[in-house]
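Student: Just passing along the structure, written as structure tokens.
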Amino acid sequence: NNYFESSFMVQRDYPYEIIRTAQSIIDPTVEPYFNVSIGINSFVQTKKLVIKEHVPIELQIFNSGAEITEEGNEKILTWEIEGSAAHVSYNYVVPLIWPYLYELGPLEVNDFKEFSPWYVAVDPEIQVDSGPSQDISVASIGNFSFVVGWIDTVENDVSFRIFYVNTTPITDVVDVALSVDSNSRISVDMVNETNFVVAWSDNVAQDLFYAIYDTGGNLRFGPQQTEDTIGATFHAVNTAPLLQGFDLCYVDVAEGDVDVRNVSYVGFGNGTEVTLDGGAAPNAALQNLLDCSPVNGSIYGFIYLDDGSQDVTFGLRQFNNSVVTAIIDIDAAAGSNAQVRITGIDGNRFALAWYDSAGTDNGTITYQIRNLSNSQLTAILN
């Protein structure tokens, strides 16, 4: 259960004031149990309060002082207290399943019932690595696991780790490359059901690499250097996996351009370089200057900031870089701090999004949906 709708009701008069103190997000990997405290004040003449709290049957309840019965898929905690005011509490333990959503209540006091329940989300924080990181990338591995890649700025290396969706680690931290720095960049993407690509720019050596790993964290190919001089500081790197191979998109600071290398799954190697824009003039560190994404199995889209003219530009190409849609300036005045994203939707449509850092749209996030015929399915929207 990971979805809910909630509402509240406002009344001028009500018979009982209920003050519930409880967490709405919990992490059972850190705390062994959780507490709910409920205060009740009566605004009507009453000598006795019968209080009933409904909780999911799978919760373990203790330290409640209540009579606990089970009915259907609920446990019902009942307190009978003399007087017109009361304070009750209980502790509970949840199963180690997440993400998950539970309902506590609605609470009943005599013939009065809370308007809505209290929702508790089991949502542990995942610590991927104990040290700080500067850049990060995430890719889904089917429906049950995912890989996280990052630039470790303490050990100065390129690392990744694989997790189940419940955040249980599948692998230890795997160090892909050593001796990078905080201005290096990383991208991870699945290339098929069992293998993923890790691509990174090394700001120390000022070169570009990729490596192929399987979903067990084992190296299958590489590391492969694809470019030996890309310049310093203003890096960006992304990948677009297709059926024949993957397109490795990157910013070449040394040449001031935006490039792509199409790397075949047959033989891999350093790929064939194609320049998308020879005058992009990258001039921002740790900024999403460039993105690329598959639209379907044979076509990928790309979007980038042309920092020379300060516009946002996109296009579509096949794996071998045959032009599907010629380069289009979608925002001619995006400013020097613009950032960009692109993603495929259903094999025919794709979405473009960018942060506009200039003009009347300064500070806004803008997006548009198009299709492979380059028809505008939505207007440009902020």
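Every chain in the structure tokens takes a letter, A first, then B, and so on in the order presented; its residues are numbered from 1, and the ligands are numbered from 1 following the presented order.
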What are the nearest atom pairs, with distances in Å to one decimal, for all residues of stretch 48-139 of chain A that come at most 8 Å from stretch 169-187 of chain A, using only C-alpha atoms, set out by chain and rising residue number as a tab-separated table?

Tutor:
residue	atom	partner	partner_atom	distance
A:Asp129	CA	A:Val173	CA	7.7
A:Ser133	CA	A:Ser182	CA	7.9
A:Gln134	CA	A:Ser182	CA	5.8
A:Asp135	CA	A:Arg185	CA	6.0
A:Ile136	CA	A:Ile186	CA	6.6
A:Ser137	CA	A:Ser187	CA	5.4
A:Val138	CA	A:Ser187	CA	7.8

Student: Please report, as a tab-separated table, each residue of stretch 313-333 of chain A lying at most 10 Å from stretch 247-258 of chain A, together with the nearest pair of atoms and the separation in Å rounded to one decimal; use only C-alpha atoms, and order rows by chain and ascending residue number.

Tutor:
residue	atom	partner	partner_atom	distance
A:Arg317	CA	A:Asp247	CA	10.0
A:Gln318	CA	A:Asp247	CA	9.4
A:Phe319	CA	A:Asp247	CA	6.8
A:Asn320	CA	A:Asp247	CA	8.8
A:Asn321	CA	A:Asp247	CA	8.9

Student: To one decimal in Å, tell me the separation between atom CA of A:Ser89 and atom CA of A:Ser37.

Tutor: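 According to the coordinates, atom CA of A:Ser89 and atom CA of A:Ser37 are separated by 4.3 Å.
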
Student: Compile a residue-level contact table for stretch 276-299 of chain A against stretch 365-380 of chain A at a cut-off of 10 Å, reporting for every qualifying residue the shortest atom pair and its distance in Å to one decimal, with only C-alpha atoms counted, rows ordered by chain and ascending number, as JSON lines.

Tutor:
{"residue": "A:Val295", "atom": "CA", "partner": "A:Leu372", "partner_atom": "CA", "distance": 8.4}
{"residue": "A:Asn296", "atom": "CA", "partner": "A:Leu372", "partner_atom": "CA", "distance": 9.8}
{"residue": "A:Ile299", "atom": "CA", "partner": "A:Leu372", "partner_atom": "CA", "distance": 8.9}

Student: Between atom CA of A:Met9 and atom CA of A:Leu107, what is the distance in Å, rounded to a tenth?

Tutor: 14.9 Å

Student: Pick from A:Val55, A:Leu276, A:Ile126, A:Ala199: nearest to A:Trp150, with only C-alpha atoms counted?

Tutor: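 Under the stated criterion, the closest residue is A:Ala199.
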
Student: Name the residues in contact with A:Phe209 at a cut-off of 6 Å, using only C-alpha atoms, excluding same-chain residues fewer than 6 positions from it; report them as a compact mmCIF listing (two decimals) with all heavy atoms, in the first residue's frame.

Tutor:
# COMPACT_ATOMS: atom_id res chain seq x y z
N ALA A 199 29.86 5.39 -17.33
CA ALA A 199 30.69 6.32 -18.11
C ALA A 199 31.09 7.47 -17.20
O ALA A 199 30.30 7.91 -16.36
CB ALA A 199 29.93 6.85 -19.33
N TRP A 200 32.32 7.95 -17.35
CA TRP A 200 32.76 9.05 -16.49
C TRP A 200 33.82 9.89 -17.18
O TRP A 200 34.56 9.43 -18.05
CB TRP A 200 33.28 8.51 -15.16
CG TRP A 200 34.57 7.75 -15.23
CD1 TRP A 200 35.84 8.22 -15.02
CD2 TRP A 200 34.73 6.35 -15.52
NE1 TRP A 200 36.76 7.23 -15.15
CE2 TRP A 200 36.12 6.07 -15.45
CE3 TRP A 200 33.84 5.32 -15.83
CZ2 TRP A 200 36.63 4.80 -15.69
CZ3 TRP A 200 34.35 4.05 -16.06
CH2 TRP A 200 35.72 3.80 -16.00
N GLN A 224 37.49 1.45 -20.68
CA GLN A 224 37.89 1.82 -22.02
C GLN A 224 37.98 3.34 -22.12
O GLN A 224 37.01 4.05 -21.87
CB GLN A 224 36.87 1.31 -23.04
CG GLN A 224 37.07 1.80 -24.45
CD GLN A 224 38.29 1.19 -25.12
OE1 GLN A 224 38.46 -0.02 -25.09
NE2 GLN A 224 39.13 2.02 -25.72
N GLN A 225 39.16 3.83 -22.48
CA GLN A 225 39.32 5.26 -22.73
C GLN A 225 38.78 5.57 -24.12
O GLN A 225 39.13 4.92 -25.10
CB GLN A 225 40.78 5.68 -22.64
CG GLN A 225 41.00 7.18 -22.79
CD GLN A 225 42.48 7.54 -22.88
OE1 GLN A 225 43.16 7.13 -23.81
NE2 GLN A 225 42.95 8.31 -21.90
N THR A 226 37.90 6.57 -24.21
CA THR A 226 37.34 6.95 -25.50
C THR A 226 37.87 8.28 -26.00
O THR A 226 37.79 8.58 -27.19
CB THR A 226 35.81 7.04 -25.43
OG1 THR A 226 35.45 8.05 -24.50
CG2 THR A 226 35.21 5.72 -25.00

Student: Kindly provide the residues of stretch 145-250 of chain A that approach stretch 284-294 of chain A to within 8 Å, each paired with its closest atom pair and their distance in Å to one decimal, based on only C-alpha atoms, listed by chain and increasing number, as JSON lines.

Tutor:
{"residue": "A:Asn183", "atom": "CA", "partner": "A:Leu286", "partner_atom": "CA", "distance": 6.4}
{"residue": "A:Arg185", "atom": "CA", "partner": "A:Leu286", "partner_atom": "CA", "distance": 7.7}
{"residue": "A:Thr233", "atom": "CA", "partner": "A:Ala285", "partner_atom": "CA", "distance": 5.7}
{"residue": "A:Phe234", "atom": "CA", "partner": "A:Ala285", "partner_atom": "CA", "distance": 4.5}
{"residue": "A:His235", "atom": "CA", "partner": "A:Ala285", "partner_atom": "CA", "distance": 6.6}
{"residue": "A:Ala236", "atom": "CA", "partner": "A:Leu290", "partner_atom": "CA", "distance": 6.1}
{"residue": "A:Val237", "atom": "CA", "partner": "A:Leu290", "partner_atom": "CA", "distance": 7.0}
{"residue": "A:Asn238", "atom": "CA", "partner": "A:Asp291", "partner_atom": "CA", "distance": 5.8}
{"residue": "A:Thr239", "atom": "CA", "partner": "A:Cys292", "partner_atom": "CA", "distance": 6.2}
{"residue": "A:Ala240", "atom": "CA", "partner": "A:Ser293", "partner_atom": "CA", "distance": 4.6}
{"residue": "A:Pro241", "atom": "CA", "partner": "A:Pro294", "partner_atom": "CA", "distance": 6.3}
{"residue": "A:Leu242", "atom": "CA", "partner": "A:Pro294", "partner_atom": "CA", "distance": 6.4}
{"residue": "A:Cys249", "atom": "CA", "partner": "A:Cys292", "partner_atom": "CA", "distance": 6.6}
{"residue": "A:Tyr250", "atom": "CA", "partner": "A:Leu290", "partner_atom": "CA", "distance": 7.0}

Student: Write out as a list of chain:residue names each polymer residue whose atoms come within 12 Å of A:Gly363, counting only C-alpha atoms; drop sequence neighbours fewer than 3 positions from it.

Tutor: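 Within the cut-off, the hits are A:Ala334, A:Gly335, A:Asn337, A:Ala338, A:Gln339, A:Trp354, A:Tyr355, A:Asp356, A:Ser357, A:Ala358, A:Gly359, A:Thr360, A:Thr366, A:Asn382.
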
Student: Calculate how many Å separate atom CA of A:Leu104 from atom CA of A:Pro15, rounding to one decimal.

Tutor: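 So the two atoms, atom CA of A:Leu104 and atom CA of A:Pro15, lie 20.9 Å apart.
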
Student: How would you write, as a VMD selection string, the set of residues in stretch 157-358 of chain A that DSSP gives as strand (DSSP E or B)?

Tutor: chain A and resid 157 to 164 169 174 to 178 185 to 190 195 to 202 207 to 214 219 to 227 237 to 241 245 to 252 257 to 264 268 to 277 290 to 294 299 to 306 311 to 318 323 to 331 339 to 344 349 to 356

Student: Please provide as a list of chain:residue names all residues within 9 Å of A:Ile330, with the sequence filter that same-chain residues fewer than 5 positions apart are discarded (counting only C-alpha atoms).

Tutor: A:Asp311, A:Val312, A:Thr313, A:Phe314, A:Ile380

Student: Could those selected residues go to a file with N, CA, C and O atoms, as a PDB file, in the first residue's frame?

Tutor:
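As a result, selection-v6.pdb now contains:
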ATOM      1  N   ASP A 311      21.740  29.422 -25.590  1.00  0.00           N
ATOM      2  CA  ASP A 311      20.450  28.849 -25.939  1.00  0.00           C
ATOM      3  C   ASP A 311      20.427  27.353 -25.628  1.00  0.00           C
ATOM      4  O   ASP A 311      21.459  26.709 -25.455  1.00  0.00           O
ATOM      5  N   VAL A 312      19.224  26.809 -25.514  1.00  0.00           N
ATOM      6  CA  VAL A 312      19.014  25.375 -25.299  1.00  0.00           C
ATOM      7  C   VAL A 312      18.650  24.754 -26.638  1.00  0.00           C
ATOM      8  O   VAL A 312      17.740  25.219 -27.323  1.00  0.00           O
ATOM      9  N   THR A 313      19.374  23.681 -26.978  1.00  0.00           N
ATOM     10  CA  THR A 313      19.280  23.086 -28.305  1.00  0.00           C
ATOM     11  C   THR A 313      19.038  21.590 -28.174  1.00  0.00           C
ATOM     12  O   THR A 313      19.550  20.952 -27.249  1.00  0.00           O
ATOM     13  N   PHE A 314      18.238  21.015 -29.093  1.00  0.00           N
ATOM     14  CA  PHE A 314      18.017  19.568 -29.067  1.00  0.00           C
ATOM     15  C   PHE A 314      17.989  19.021 -30.491  1.00  0.00           C
ATOM     16  O   PHE A 314      17.894  19.765 -31.482  1.00  0.00           O
ATOM     17  N   ILE A 380       5.276  25.044 -25.011  1.00  0.00           N
ATOM     18  CA  ILE A 380       6.348  25.164 -24.026  1.00  0.00           C
ATOM     19  C   ILE A 380       5.737  25.692 -22.739  1.00  0.00           C
ATOM     20  O   ILE A 380       5.114  26.763 -22.725  1.00  0.00           O
TER      21      ILE A 380
END

Student: Using only C-alpha atoms, determine which residues lie at most 9 Å from stretch 25-34 of chain A, disregarding the query and same-chain residues fewer than 6 positions distant; provide the list as JSON, numbers by chain.

Tutor: {"A": [90, 91, 92, 93, 94, 95, 96, 119, 120, 121, 122, 123, 124, 125]}
